[in-house]
2 protein chains.
Amino acid sequence: MRQDGREQDGDDCAGGGRDGDCTLREALDRVGGKWAIGILLAASPGPVRFSELTRQVEGISRRMLTLTLRNLERDGLLHRLVHPGVPPRVEYRATPMALELYEPLRALTAWADRHRTAISEARAAYDRQNGRG
Amino acid sequence: MRQDGREQDGDDCAGGGRDGDCTLREALDRVGGKWAIGILLAASPGPVRFSELTRQVEGISRRMLTLTLRNLERDGLLHRLVHPGVPPRVEYRATPMALELYEPLRALTAWADRHRTAISEARAAYDRQNGRG
DNA sequence: CAGCATCCCATCCGATACTG
DNA sequence: CAGTATCGGATGGGATGCTG
(Lines give C-alpha, C1' and ligand atoms only; values in the text may rest on other atoms or scores of the structure.)
Protein backbone atom coordinates (compact mmCIF):
# COMPACT_ATOMS: atom_id res chain seq x y z
CA MET A 1 0.00 0.00 0.00
CA ARG A 2 2.95 2.24 -0.46
CA GLN A 3 1.68 4.87 1.94
CA ASP A 4 5.34 5.78 2.43
CA GLY A 5 5.77 6.51 -1.23
CA ARG A 6 8.66 4.12 -1.47
CA GLU A 7 9.27 2.54 -4.85
CA GLN A 8 11.68 -0.05 -6.02
CA ASP A 9 14.90 1.16 -7.54
CA GLY A 10 14.37 -1.29 -10.36
CA ASP A 11 11.59 0.78 -11.84
CA ASP A 12 10.14 -0.46 -15.11
CA CYS A 13 10.41 3.01 -16.65
CA ALA A 14 9.92 1.68 -20.17
CA GLY A 15 7.07 4.02 -21.00
CA GLY A 16 8.19 5.95 -24.01
CA GLY A 17 10.55 4.41 -26.49
CA ARG A 18 12.70 7.50 -27.07
CA ASP A 19 15.88 7.62 -25.02
CA GLY A 20 15.97 10.06 -22.16
CA ASP A 21 12.25 9.67 -21.64
CA CYS A 22 12.90 7.26 -18.82
CA THR A 23 15.43 9.61 -17.26
CA LEU A 24 12.92 12.39 -17.51
CA ARG A 25 10.35 10.27 -15.73
CA GLU A 26 12.75 9.73 -12.88
CA ALA A 27 13.19 13.46 -12.46
CA LEU A 28 9.48 14.17 -12.69
CA ASP A 29 8.68 11.45 -10.18
CA ARG A 30 10.92 13.23 -7.71
CA VAL A 31 9.63 16.68 -8.30
CA GLY A 32 6.17 16.25 -9.78
CA GLY A 33 4.28 15.71 -6.53
CA LYS A 34 2.08 18.39 -5.09
CA TRP A 35 4.48 19.61 -2.41
CA ALA A 36 8.07 18.68 -3.28
CA ILE A 37 8.82 21.88 -5.17
CA GLY A 38 7.43 24.17 -2.51
CA ILE A 39 9.49 22.43 0.14
CA LEU A 40 12.68 22.47 -1.89
CA LEU A 41 12.28 26.14 -2.69
CA ALA A 42 11.66 26.93 0.96
CA ALA A 43 14.78 25.00 1.95
CA SER A 44 17.02 26.49 -0.74
CA PRO A 45 18.02 29.77 0.93
CA GLY A 46 19.14 27.91 4.05
CA PRO A 47 18.14 25.30 6.61
CA VAL A 48 14.51 25.33 7.70
CA ARG A 49 12.72 23.74 10.59
CA PHE A 50 9.60 21.60 10.36
CA SER A 51 7.35 24.28 11.81
CA GLU A 52 8.73 26.91 9.48
CA LEU A 53 7.83 24.68 6.58
CA THR A 54 4.26 24.24 7.76
CA ARG A 55 4.00 28.02 7.59
CA GLN A 56 5.98 28.73 4.44
CA VAL A 57 4.48 25.96 2.32
CA GLU A 58 0.94 27.20 2.49
CA GLY A 59 -1.83 24.68 2.74
CA ILE A 60 0.31 21.65 3.49
CA SER A 61 -0.75 19.27 6.25
CA ARG A 62 1.73 17.88 8.78
CA ARG A 63 1.14 14.46 7.28
CA MET A 64 2.05 15.42 3.72
CA LEU A 65 4.93 17.53 4.93
CA THR A 66 6.38 14.56 6.78
CA LEU A 67 5.87 12.15 3.88
CA THR A 68 7.36 14.50 1.31
CA LEU A 69 10.30 15.34 3.55
CA ARG A 70 11.05 11.65 4.00
CA ASN A 71 10.98 11.03 0.27
CA LEU A 72 13.21 14.00 -0.47
CA GLU A 73 15.59 12.86 2.23
CA ARG A 74 15.58 9.35 0.84
CA ASP A 75 16.48 10.61 -2.63
CA GLY A 76 19.35 12.64 -1.20
CA LEU A 77 17.76 16.01 -1.91
CA LEU A 78 17.49 17.03 1.74
CA HIS A 79 19.59 16.47 4.80
CA ARG A 80 17.79 16.03 8.08
CA LEU A 81 19.64 17.22 11.16
CA VAL A 82 18.26 16.57 14.63
CA HIS A 83 19.38 18.88 17.42
CA PRO A 84 18.79 16.89 20.60
CA GLY A 85 17.03 18.56 23.51
CA VAL A 86 13.61 19.68 24.60
CA PRO A 87 11.70 20.90 22.74
CA PRO A 88 12.84 18.89 19.71
CA ARG A 89 14.49 20.84 16.93
CA VAL A 90 14.99 19.42 13.44
CA GLU A 91 16.57 21.21 10.51
CA TYR A 92 16.20 20.38 6.84
CA ARG A 93 18.89 21.52 4.47
CA ALA A 94 18.87 21.29 0.67
CA THR A 95 21.81 19.30 -0.69
CA PRO A 96 24.00 20.60 -3.54
CA MET A 97 22.22 18.19 -5.85
CA ALA A 98 18.91 19.77 -4.90
CA LEU A 99 20.28 23.26 -5.48
CA GLU A 100 21.25 22.24 -8.98
CA LEU A 101 17.59 21.58 -9.63
CA TYR A 102 16.98 25.28 -9.49
CA GLU A 103 18.26 25.89 -13.01
CA PRO A 104 16.13 23.29 -14.85
CA LEU A 105 13.10 24.36 -12.86
CA ARG A 106 13.70 27.97 -13.77
CA ALA A 107 13.70 26.93 -17.42
CA LEU A 108 10.33 25.26 -16.95
CA THR A 109 8.96 28.27 -15.12
CA ALA A 110 10.12 30.56 -17.90
CA TRP A 111 8.32 28.39 -20.42
CA ALA A 112 5.10 28.43 -18.42
CA ASP A 113 5.43 32.18 -18.02
CA ARG A 114 5.91 32.79 -21.73
CA HIS A 115 2.88 30.74 -22.66
CA ARG A 116 0.52 31.30 -19.76
CA THR A 117 -1.99 33.40 -21.67
CA ALA A 118 -1.75 31.25 -24.79
CA ILE A 119 -2.58 28.18 -22.73
CA SER A 120 -5.37 29.94 -20.93
CA GLU A 121 -6.90 31.02 -24.22
CA ALA A 122 -6.48 27.57 -25.73
CA ARG A 123 -8.41 26.15 -22.82
CA ALA A 124 -11.14 28.70 -23.06
CA ALA A 125 -11.49 28.06 -26.79
CA TYR A 126 -11.55 24.30 -26.30
CA ASP A 127 -14.14 24.54 -23.56
CA ARG A 128 -16.28 26.83 -25.67
CA GLN A 129 -16.13 24.41 -28.59
CA ASN A 130 -17.02 21.43 -26.42
CA GLY A 131 -19.18 21.66 -23.33
CA ARG A 132 -17.55 22.70 -20.06
CA GLY A 133 -20.12 20.91 -17.85
CA MET B 1 -14.98 13.02 -10.42
CA ARG B 2 -12.90 14.80 -12.96
CA GLN B 3 -12.46 11.72 -15.09
CA ASP B 4 -11.83 14.07 -18.00
CA GLY B 5 -8.99 15.73 -16.19
CA ARG B 6 -10.53 19.13 -16.66
CA GLU B 7 -9.71 21.72 -14.04
CA GLN B 8 -10.94 25.21 -13.54
CA ASP B 9 -8.80 27.98 -14.92
CA GLY B 10 -9.12 29.78 -11.64
CA ASP B 11 -6.82 27.35 -9.89
CA ASP B 12 -6.01 28.11 -6.28
CA CYS B 13 -2.31 27.56 -6.91
CA ALA B 14 -1.26 29.22 -3.67
CA GLY B 15 0.82 26.33 -2.46
CA GLY B 16 4.28 27.74 -1.93
CA GLY B 17 4.68 31.35 -0.95
CA ARG B 18 7.69 32.05 -3.17
CA ASP B 19 6.81 33.62 -6.53
CA GLY B 20 7.12 31.39 -9.56
CA ASP B 21 6.13 28.37 -7.53
CA CYS B 22 2.59 28.67 -8.81
CA THR B 23 3.81 29.05 -12.38
CA LEU B 24 5.95 25.98 -11.91
CA ARG B 25 2.94 24.04 -10.70
CA GLU B 26 1.06 24.97 -13.83
CA ALA B 27 3.86 23.58 -15.97
CA LEU B 28 4.20 20.43 -13.93
CA ASP B 29 0.46 19.82 -14.00
CA ARG B 30 0.65 19.84 -17.78
CA VAL B 31 3.65 17.62 -18.12
CA GLY B 32 3.88 15.69 -14.87
CA GLY B 33 1.37 12.97 -15.72
CA LYS B 34 2.49 9.49 -16.57
CA TRP B 35 2.07 9.76 -20.34
CA ALA B 36 2.16 13.40 -21.48
CA ILE B 37 5.90 13.51 -22.04
CA GLY B 38 6.03 10.30 -24.00
CA ILE B 39 3.24 11.50 -26.25
CA LEU B 40 4.77 14.92 -26.82
CA LEU B 41 8.15 13.41 -27.64
CA ALA B 42 6.54 11.00 -30.06
CA ALA B 43 4.70 13.86 -31.74
CA SER B 44 7.69 16.20 -31.92
CA PRO B 45 9.39 14.90 -35.08
CA GLY B 46 6.17 15.20 -37.03
CA PRO B 47 2.47 14.37 -37.02
CA VAL B 48 1.50 10.99 -35.61
CA ARG B 49 -1.64 8.94 -35.79
CA PHE B 50 -3.49 7.45 -32.85
CA SER B 51 -2.44 3.92 -33.66
CA GLU B 52 1.19 4.93 -34.06
CA LEU B 53 1.06 6.41 -30.58
CA THR B 54 -0.31 3.23 -29.07
CA ARG B 55 2.77 1.52 -30.45
CA GLN B 56 5.40 4.19 -29.81
CA VAL B 57 4.33 5.06 -26.29
CA GLU B 58 4.88 1.64 -24.84
CA GLY B 59 2.49 0.39 -22.23
CA ILE B 60 -0.20 3.03 -22.71
CA SER B 61 -3.82 1.98 -22.88
CA ARG B 62 -6.25 3.40 -25.41
CA ARG B 63 -8.11 5.02 -22.55
CA MET B 64 -5.13 6.92 -21.17
CA LEU B 65 -3.93 7.81 -24.63
CA THR B 66 -7.28 9.37 -25.43
CA LEU B 67 -7.50 11.25 -22.13
CA THR B 68 -3.97 12.59 -22.31
CA LEU B 69 -4.36 13.61 -25.95
CA ARG B 70 -7.53 15.54 -25.08
CA ASN B 71 -5.80 17.37 -22.26
CA LEU B 72 -2.80 18.23 -24.39
CA GLU B 73 -5.10 19.43 -27.12
CA ARG B 74 -7.08 21.49 -24.65
CA ASP B 75 -3.93 23.18 -23.41
CA GLY B 76 -2.88 24.01 -26.94
CA LEU B 77 0.09 21.65 -27.00
CA LEU B 78 -1.29 19.42 -29.74
CA HIS B 79 -3.38 20.01 -32.81
CA ARG B 80 -5.85 17.33 -33.76
CA LEU B 81 -6.54 16.95 -37.47
CA VAL B 82 -9.26 14.62 -38.71
CA HIS B 83 -8.97 13.33 -42.26
CA PRO B 84 -12.51 12.31 -43.20
CA GLY B 85 -13.07 8.93 -44.79
CA VAL B 86 -13.15 5.28 -43.98
CA PRO B 87 -11.26 4.04 -42.14
CA PRO B 88 -10.92 7.11 -39.90
CA ARG B 89 -7.57 8.83 -39.85
CA VAL B 90 -6.56 11.32 -37.18
CA GLU B 91 -3.26 13.13 -36.93
CA TYR B 92 -1.78 14.79 -33.89
CA ARG B 93 0.80 17.49 -34.37
CA ALA B 94 2.87 19.23 -31.71
CA THR B 95 2.35 23.00 -31.65
CA PRO B 96 5.29 25.44 -31.59
CA MET B 97 4.58 26.02 -27.91
CA ALA B 98 4.97 22.31 -27.27
CA LEU B 99 8.23 22.21 -29.20
CA GLU B 100 9.58 24.94 -26.96
CA LEU B 101 9.07 22.56 -24.06
CA TYR B 102 11.90 20.47 -25.41
CA GLU B 103 14.60 22.77 -24.03
CA PRO B 104 13.41 22.91 -20.38
CA LEU B 105 12.80 19.19 -20.42
CA ARG B 106 16.29 18.58 -21.71
CA ALA B 107 17.62 20.59 -18.77
CA LEU B 108 15.68 18.38 -16.39
CA THR B 109 16.90 15.25 -18.12
CA ALA B 110 20.48 16.45 -17.89
CA TRP B 111 20.05 16.97 -14.17
CA ALA B 112 18.60 13.51 -13.66
CA ASP B 113 21.39 12.06 -15.74
CA ARG B 114 24.14 13.79 -13.76
CA HIS B 115 22.74 12.61 -10.45
CA ARG B 116 21.25 9.26 -11.29
CA THR B 117 23.80 7.18 -9.41
CA ALA B 118 23.97 9.61 -6.49
CA ILE B 119 20.21 9.33 -6.07
CA SER B 120 20.29 5.60 -6.41
CA GLU B 121 22.96 5.34 -3.74
CA ALA B 122 21.15 7.76 -1.46
CA ARG B 123 18.09 5.55 -1.67
CA ALA B 124 20.03 2.40 -0.99
CA ALA B 125 21.70 4.01 2.02
CA TYR B 126 18.40 5.31 3.35
CA ASP B 127 16.72 1.95 2.93
CA ARG B 128 19.62 0.23 4.65
CA GLN B 129 19.43 2.60 7.59
CA ASN B 130 15.69 2.21 7.96
CA GLY B 131 13.84 -0.96 7.04
CA ARG B 132 12.83 -1.46 3.44
CA GLY B 133 9.77 -3.60 4.28
C1' DC C 1 -9.06 2.99 -37.06
C1' DA C 2 -10.01 5.93 -33.38
C1' DG C 3 -12.20 6.31 -30.06
C1' DC C 4 -16.04 6.16 -25.70
C1' DA C 5 -18.18 3.83 -21.56
C1' DT C 6 -17.75 1.05 -17.62
C1' DC C 7 -15.72 -1.21 -13.85
C1' DC C 8 -12.26 -1.47 -10.51
C1' DC C 9 -8.06 -0.98 -7.97
C1' DA C 10 -4.02 1.73 -6.41
C1' DT C 11 -2.24 5.79 -4.91
C1' DC C 12 -2.56 10.71 -3.44
C1' DC C 13 -3.91 13.69 -0.28
C1' DG C 14 -6.65 16.03 3.55
C1' DA C 15 -8.68 15.87 8.37
C1' DT C 16 -8.17 14.60 12.69
C1' DA C 17 -6.55 12.55 16.95
C1' DC C 18 -2.67 11.04 19.56
C1' DT C 19 2.55 11.00 21.33
C1' DG C 20 7.70 11.40 22.92
C1' DC D 1 8.09 20.91 18.55
C1' DA D 2 8.09 17.31 15.44
C1' DG D 3 6.20 14.03 14.39
C1' DT D 4 2.88 9.05 14.01
C1' DA D 5 -1.68 6.57 13.25
C1' DT D 6 -5.97 6.04 11.20
C1' DC D 7 -9.72 7.02 8.31
C1' DG D 8 -12.01 8.37 4.04
C1' DG D 9 -12.65 10.94 -0.14
C1' DA D 10 -10.62 12.34 -4.68
C1' DT D 11 -7.88 11.19 -8.45
C1' DG D 12 -4.92 8.40 -11.62
C1' DG D 13 -4.69 4.76 -14.28
C1' DG D 14 -5.39 -0.33 -16.16
C1' DA D 15 -8.61 -3.83 -18.49
C1' DT D 16 -12.05 -4.64 -21.36
C1' DG D 17 -16.10 -4.39 -24.31
C1' DC D 18 -18.71 -1.65 -27.62
C1' DT D 19 -19.23 1.57 -31.76
C1' DG D 20 -19.22 4.85 -36.01
# chains A, B, ... in the order shown; residues from 1 in each chain; ligands from 1

call {"tool": "interface_residues", "arguments": {"of": "chain B", "to": "chain D", "cutoff": "12 Å", "atoms": "only C-alpha atoms (C1' of nucleotides)", "output": "MDAnalysis selection string"}}
result
chainID B and resid 1:6 32:35 59:65 67:68 85:88

call {"tool": "closest_atom_pairs", "arguments": {"of": "chain C", "to": "chain A", "cutoff": "8 Å", "atoms": "only C-alpha atoms (C1' of nucleotides)", "output": "CSV"}}
result
residue,atom,partner,partner_atom,distance
C:DA10,C1',A:Met1,CA,7.8
C:DT11,C1',A:Arg2,CA,7.7
C:DC13,C1',A:Met64,CA,7.4
C:DG14,C1',A:Ser61,CA,7.3

call {"tool": "residues_around", "arguments": {"residues": "range 102-115 of chain A", "least_positions_apart": "5", "cutoff": "8 Å", "atoms": "only C-alpha atoms (C1' of nucleotides)", "output": "ChimeraX atom specification"}}
result
/B:20,23-24,26-27,97,100-101,103-105,107-108,111

call {"tool": "write_last_selection", "arguments": {"atoms": "N, CA and C atoms", "output": "tab-separated table (two decimals), in the first residue's frame"}}
result
chain	number	residue	atom	x	y	z
B	20	GLY	N	6.65	32.33	-8.56
B	20	GLY	CA	7.12	31.39	-9.56
B	20	GLY	C	6.77	29.96	-9.19
B	23	THR	N	3.55	29.22	-10.96
B	23	THR	CA	3.81	29.05	-12.38
B	23	THR	C	4.41	27.68	-12.66
B	24	LEU	N	5.32	27.28	-11.79
B	24	LEU	CA	5.95	25.98	-11.91
B	24	LEU	C	4.91	24.87	-11.80
B	26	GLU	N	1.82	25.01	-12.59
B	26	GLU	CA	1.06	24.97	-13.83
B	26	GLU	C	1.78	24.11	-14.87
B	27	ALA	N	3.08	24.34	-14.99
B	27	ALA	CA	3.86	23.58	-15.97
B	27	ALA	C	3.88	22.10	-15.61
B	97	MET	N	4.49	25.91	-29.37
B	97	MET	CA	4.58	26.02	-27.91
B	97	MET	C	5.06	24.71	-27.29
B	100	GLU	N	8.73	24.14	-27.85
B	100	GLU	CA	9.58	24.94	-26.96
B	100	GLU	C	9.77	24.27	-25.61
B	101	LEU	N	8.94	23.29	-25.32
B	101	LEU	CA	9.07	22.56	-24.06
B	101	LEU	C	10.33	21.70	-24.07
B	103	GLU	N	13.42	22.23	-24.71
B	103	GLU	CA	14.60	22.77	-24.03
B	103	GLU	C	14.53	22.58	-22.50
B	104	PRO	N	13.51	23.09	-21.83
B	104	PRO	CA	13.41	22.91	-20.38
B	104	PRO	C	13.45	21.44	-19.97
B	105	LEU	N	12.82	20.60	-20.77
B	105	LEU	CA	12.80	19.19	-20.42
B	105	LEU	C	14.19	18.58	-20.57
B	107	ALA	N	16.89	20.16	-19.97
B	107	ALA	CA	17.62	20.59	-18.77
B	107	ALA	C	17.33	19.65	-17.61
B	108	LEU	N	16.07	19.30	-17.46
B	108	LEU	CA	15.68	18.38	-16.39
B	108	LEU	C	16.33	17.01	-16.59
B	111	TRP	N	19.91	17.03	-15.62
B	111	TRP	CA	20.05	16.97	-14.17
B	111	TRP	C	19.91	15.54	-13.67

call {"tool": "residues_around", "arguments": {"residues": "Leu78 in chain A", "least_positions_apart": "2", "cutoff": "9 Å", "atoms": "only C-alpha atoms (C1' of nucleotides)", "output": "VMD selection string"}}
result
chain A and resid 40 43 69 to 76 80 92 to 95 98

call {"tool": "closest_residue", "arguments": {"among": "A:Arg123, A:Arg55, A:His79, A:Arg49", "to": "chain B", "atoms": "only C-alpha atoms"}}
result
A:Arg123

call {"tool": "decode", "arguments": {"residues": "range 6-17 of chain C", "atoms": "all heavy atoms", "output": "short mmCIF file (atom, residue, chain, number, x, y, z; two decimals), in the first residue's frame"}}
result
data_model
loop_
_atom_site.label_atom_id
_atom_site.label_comp_id
_atom_site.auth_asym_id
_atom_site.auth_seq_id
_atom_site.Cartn_x
_atom_site.Cartn_y
_atom_site.Cartn_z
P DT C 6 -21.60 4.48 -19.38
OP1 DT C 6 -23.02 4.07 -19.36
OP2 DT C 6 -21.16 5.79 -18.85
"O5'" DT C 6 -20.75 3.34 -18.65
"C5'" DT C 6 -20.84 2.01 -19.14
"C4'" DT C 6 -19.95 1.09 -18.33
"O4'" DT C 6 -18.58 1.25 -18.75
"C3'" DT C 6 -19.96 1.37 -16.81
"O3'" DT C 6 -20.41 0.19 -16.16
"C2'" DT C 6 -18.52 1.69 -16.48
"C1'" DT C 6 -17.75 1.05 -17.62
N1 DT C 6 -16.45 1.69 -17.92
C2 DT C 6 -15.34 0.89 -18.06
O2 DT C 6 -15.37 -0.32 -17.95
N3 DT C 6 -14.19 1.56 -18.34
C4 DT C 6 -14.03 2.93 -18.49
O4 DT C 6 -12.94 3.40 -18.74
C5 DT C 6 -15.24 3.70 -18.33
C7 DT C 6 -15.18 5.18 -18.46
C6 DT C 6 -16.38 3.06 -18.06
P DC C 7 -20.68 0.24 -14.57
OP1 DC C 7 -21.93 -0.52 -14.35
OP2 DC C 7 -20.54 1.61 -14.04
"O5'" DC C 7 -19.47 -0.64 -14.04
"C5'" DC C 7 -19.08 -1.82 -14.75
"C4'" DC C 7 -17.75 -2.30 -14.22
"O4'" DC C 7 -16.69 -1.52 -14.83
"C3'" DC C 7 -17.58 -2.13 -12.70
"O3'" DC C 7 -17.18 -3.38 -12.14
"C2'" DC C 7 -16.51 -1.06 -12.55
"C1'" DC C 7 -15.72 -1.21 -13.85
N1 DC C 7 -15.01 0.02 -14.25
C2 DC C 7 -13.67 -0.07 -14.68
O2 DC C 7 -13.12 -1.17 -14.71
N3 DC C 7 -13.01 1.07 -15.02
C4 DC C 7 -13.64 2.24 -14.97
N4 DC C 7 -12.96 3.33 -15.33
C5 DC C 7 -15.01 2.34 -14.55
C6 DC C 7 -15.65 1.22 -14.21
P DC C 8 -17.14 -3.54 -10.54
OP1 DC C 8 -17.57 -4.92 -10.28
OP2 DC C 8 -17.81 -2.39 -9.89
"O5'" DC C 8 -15.59 -3.42 -10.22
"C5'" DC C 8 -14.63 -4.05 -11.05
"C4'" DC C 8 -13.25 -3.56 -10.68
"O4'" DC C 8 -12.98 -2.31 -11.37
"C3'" DC C 8 -13.06 -3.26 -9.18
"O3'" DC C 8 -11.93 -3.98 -8.72
"C2'" DC C 8 -12.82 -1.77 -9.12
"C1'" DC C 8 -12.26 -1.47 -10.51
N1 DC C 8 -12.44 -0.08 -10.94
C2 DC C 8 -11.33 0.62 -11.47
O2 DC C 8 -10.26 0.04 -11.58
N3 DC C 8 -11.49 1.90 -11.85
C4 DC C 8 -12.68 2.50 -11.72
N4 DC C 8 -12.78 3.77 -12.11
C5 DC C 8 -13.81 1.82 -11.19
C6 DC C 8 -13.65 0.53 -10.81
P DC C 9 -11.74 -4.17 -7.13
OP1 DC C 9 -12.00 -5.58 -6.84
OP2 DC C 9 -12.47 -3.09 -6.41
"O5'" DC C 9 -10.19 -3.89 -6.98
"C5'" DC C 9 -9.29 -4.30 -8.01
"C4'" DC C 9 -8.16 -3.30 -8.12
"O4'" DC C 9 -8.64 -2.06 -8.68
"C3'" DC C 9 -7.53 -2.95 -6.78
"O3'" DC C 9 -6.12 -3.10 -6.91
"C2'" DC C 9 -7.91 -1.49 -6.56
"C1'" DC C 9 -8.06 -0.98 -7.97
N1 DC C 9 -8.92 0.22 -8.16
C2 DC C 9 -8.37 1.38 -8.71
O2 DC C 9 -7.18 1.39 -9.02
N3 DC C 9 -9.17 2.47 -8.88
C4 DC C 9 -10.45 2.41 -8.54
N4 DC C 9 -11.20 3.50 -8.74
C5 DC C 9 -11.03 1.23 -7.99
C6 DC C 9 -10.24 0.17 -7.81
P DA C 10 -5.22 -3.12 -5.60
OP1 DA C 10 -4.45 -4.37 -5.66
OP2 DA C 10 -6.06 -2.77 -4.42
"O5'" DA C 10 -4.21 -1.90 -5.85
"C5'" DA C 10 -3.73 -1.65 -7.16
"C4'" DA C 10 -3.11 -0.27 -7.20
"O4'" DA C 10 -4.14 0.71 -7.38
"C3'" DA C 10 -2.35 0.11 -5.93
"O3'" DA C 10 -1.10 0.65 -6.31
"C2'" DA C 10 -3.27 1.12 -5.24
"C1'" DA C 10 -4.02 1.73 -6.41
N9 DA C 10 -5.39 2.18 -6.11
C8 DA C 10 -6.37 1.46 -5.47
N7 DA C 10 -7.51 2.11 -5.37
C5 DA C 10 -7.25 3.34 -5.99
C6 DA C 10 -8.05 4.47 -6.21
N6 DA C 10 -9.32 4.56 -5.83
N1 DA C 10 -7.48 5.51 -6.85
C2 DA C 10 -6.20 5.42 -7.25
N3 DA C 10 -5.35 4.41 -7.10
C4 DA C 10 -5.95 3.38 -6.45
P DT C 11 -0.03 1.01 -5.19
OP1 DT C 11 1.27 0.67 -5.79
OP2 DT C 11 -0.45 0.43 -3.90
"O5'" DT C 11 -0.11 2.60 -5.10
"C5'" DT C 11 0.00 3.36 -6.28
"C4'" DT C 11 -0.52 4.76 -6.03
"O4'" DT C 11 -1.93 4.71 -5.76
"C3'" DT C 11 0.11 5.44 -4.81
"O3'" DT C 11 0.89 6.54 -5.30
"C2'" DT C 11 -1.07 5.87 -3.94
"C1'" DT C 11 -2.24 5.79 -4.91
N1 DT C 11 -3.57 5.48 -4.30
C2 DT C 11 -4.59 6.39 -4.44
O2 DT C 11 -4.47 7.45 -5.02
N3 DT C 11 -5.78 6.02 -3.86
C4 DT C 11 -6.04 4.84 -3.17
O4 DT C 11 -7.15 4.62 -2.71
C5 DT C 11 -4.92 3.93 -3.06
C7 DT C 11 -5.07 2.63 -2.34
C6 DT C 11 -3.76 4.29 -3.63
P DC C 12 1.41 7.67 -4.35
OP1 DC C 12 2.57 8.32 -5.02
OP2 DC C 12 1.56 7.08 -2.99
"O5'" DC C 12 0.22 8.73 -4.31
"C5'" DC C 12 -0.24 9.29 -5.55
"C4'" DC C 12 -1.08 10.51 -5.25
"O4'" DC C 12 -2.34 10.08 -4.67
"C3'" DC C 12 -0.47 11.47 -4.24
"O3'" DC C 12 -0.70 12.81 -4.69
"C2'" DC C 12 -1.19 11.15 -2.94
"C1'" DC C 12 -2.56 10.71 -3.44
N1 DC C 12 -3.28 9.72 -2.60
C2 DC C 12 -4.64 9.92 -2.31
O2 DC C 12 -5.21 10.93 -2.73
N3 DC C 12 -5.31 8.99 -1.58
C4 DC C 12 -4.68 7.91 -1.15
N4 DC C 12 -5.39 7.03 -0.43
C5 DC C 12 -3.29 7.68 -1.42
C6 DC C 12 -2.64 8.61 -2.15
P DC C 13 0.01 14.04 -4.04
OP1 DC C 13 0.04 15.13 -5.03
OP2 DC C 13 1.25 13.57 -3.41
"O5'" DC C 13 -1.03 14.47 -2.91
"C5'" DC C 13 -2.36 14.82 -3.31
"C4'" DC C 13 -3.26 14.88 -2.12
"O4'" DC C 13 -3.53 13.56 -1.63
"C3'" DC C 13 -2.70 15.65 -0.91
"O3'" DC C 13 -3.42 16.86 -0.78
"C2'" DC C 13 -2.89 14.69 0.28
"C1'" DC C 13 -3.91 13.69 -0.28
N1 DC C 13 -3.89 12.35 0.34
C2 DC C 13 -5.08 11.83 0.89
O2 DC C 13 -6.11 12.50 0.85
N3 DC C 13 -5.06 10.59 1.46
C4 DC C 13 -3.93 9.90 1.49
N4 DC C 13 -3.96 8.68 2.07
C5 DC C 13 -2.70 10.39 0.95
C6 DC C 13 -2.73 11.62 0.38
P DG C 14 -3.16 17.91 0.33
OP1 DG C 14 -3.21 19.25 -0.32
OP2 DG C 14 -1.97 17.51 1.09
"O5'" DG C 14 -4.43 17.79 1.29
"C5'" DG C 14 -5.74 17.85 0.71
"C4'" DG C 14 -6.77 17.59 1.79
"O4'" DG C 14 -6.77 16.18 2.14
"C3'" DG C 14 -6.54 18.36 3.09
"O3'" DG C 14 -7.78 18.89 3.55
"C2'" DG C 14 -5.96 17.31 4.03
"C1'" DG C 14 -6.65 16.03 3.55
N9 DG C 14 -5.87 14.82 3.78
C8 DG C 14 -4.55 14.61 3.43
N7 DG C 14 -4.12 13.41 3.76
C5 DG C 14 -5.22 12.81 4.34
C6 DG C 14 -5.34 11.50 4.89
O6 DG C 14 -4.50 10.60 4.95
N1 DG C 14 -6.63 11.29 5.38
C2 DG C 14 -7.64 12.21 5.36
N2 DG C 14 -8.81 11.83 5.89
N3 DG C 14 -7.53 13.43 4.85
C4 DG C 14 -6.30 13.65 4.37
P DA C 15 -7.82 19.75 4.88
OP1 DA C 15 -8.82 20.81 4.67
OP2 DA C 15 -6.44 20.09 5.26
"O5'" DA C 15 -8.39 18.72 5.98
"C5'" DA C 15 -9.38 17.77 5.63
"C4'" DA C 15 -9.99 17.16 6.88
"O4'" DA C 15 -9.36 15.87 7.13
"C3'" DA C 15 -9.80 17.96 8.18
"O3'" DA C 15 -10.96 17.81 8.97
"C2'" DA C 15 -8.56 17.33 8.81
"C1'" DA C 15 -8.68 15.87 8.37
N9 DA C 15 -7.39 15.22 8.14
C8 DA C 15 -6.28 15.76 7.56
N7 DA C 15 -5.26 14.94 7.47
C5 DA C 15 -5.74 13.77 8.04
C6 DA C 15 -5.16 12.51 8.25
N6 DA C 15 -3.91 12.21 7.89
N1 DA C 15 -5.90 11.56 8.85
C2 DA C 15 -7.16 11.85 9.20
N3 DA C 15 -7.83 13.00 9.06
C4 DA C 15 -7.05 13.92 8.46
P DT C 16 -11.09 18.58 10.38
OP1 DT C 16 -12.53 18.81 10.57
OP2 DT C 16 -10.10 19.69 10.41
"O5'" DT C 16 -10.62 17.48 11.44
"C5'" DT C 16 -11.10 16.14 11.32
"C4'" DT C 16 -10.32 15.23 12.25
"O4'" DT C 16 -9.08 14.83 11.64
"C3'" DT C 16 -9.95 15.86 13.60
"O3'" DT C 16 -10.59 15.11 14.63
"C2'" DT C 16 -8.43 15.75 13.67
"C1'" DT C 16 -8.17 14.60 12.69
N1 DT C 16 -6.80 14.58 12.11
C2 DT C 16 -6.09 13.41 12.17
O2 DT C 16 -6.53 12.40 12.68
N3 DT C 16 -4.83 13.48 11.61
C4 DT C 16 -4.24 14.58 11.02
O4 DT C 16 -3.11 14.50 10.56
C5 DT C 16 -5.03 15.77 11.00
C7 DT C 16 -4.49 17.01 10.39
C6 DT C 16 -6.27 15.72 11.54
P DA C 17 -10.54 15.64 16.16
OP1 DA C 17 -11.93 15.64 16.65
OP2 DA C 17 -9.73 16.88 16.25
"O5'" DA C 17 -9.74 14.48 16.89
"C5'" DA C 17 -9.98 13.10 16.55
"C4'" DA C 17 -8.85 12.25 17.08
"O4'" DA C 17 -7.71 12.34 16.19
"C3'" DA C 17 -8.34 12.68 18.47
"O3'" DA C 17 -8.20 11.54 19.31
"C2'" DA C 17 -7.01 13.34 18.18
"C1'" DA C 17 -6.55 12.55 16.95
N9 DA C 17 -5.58 13.28 16.13
C8 DA C 17 -5.68 14.56 15.67
N7 DA C 17 -4.64 14.96 14.97
C5 DA C 17 -3.81 13.85 14.97
C6 DA C 17 -2.55 13.62 14.40
N6 DA C 17 -1.89 14.53 13.69
N1 DA C 17 -1.99 12.40 14.59
C2 DA C 17 -2.65 11.50 15.30
N3 DA C 17 -3.84 11.59 15.89
C4 DA C 17 -4.37 12.82 15.68
#
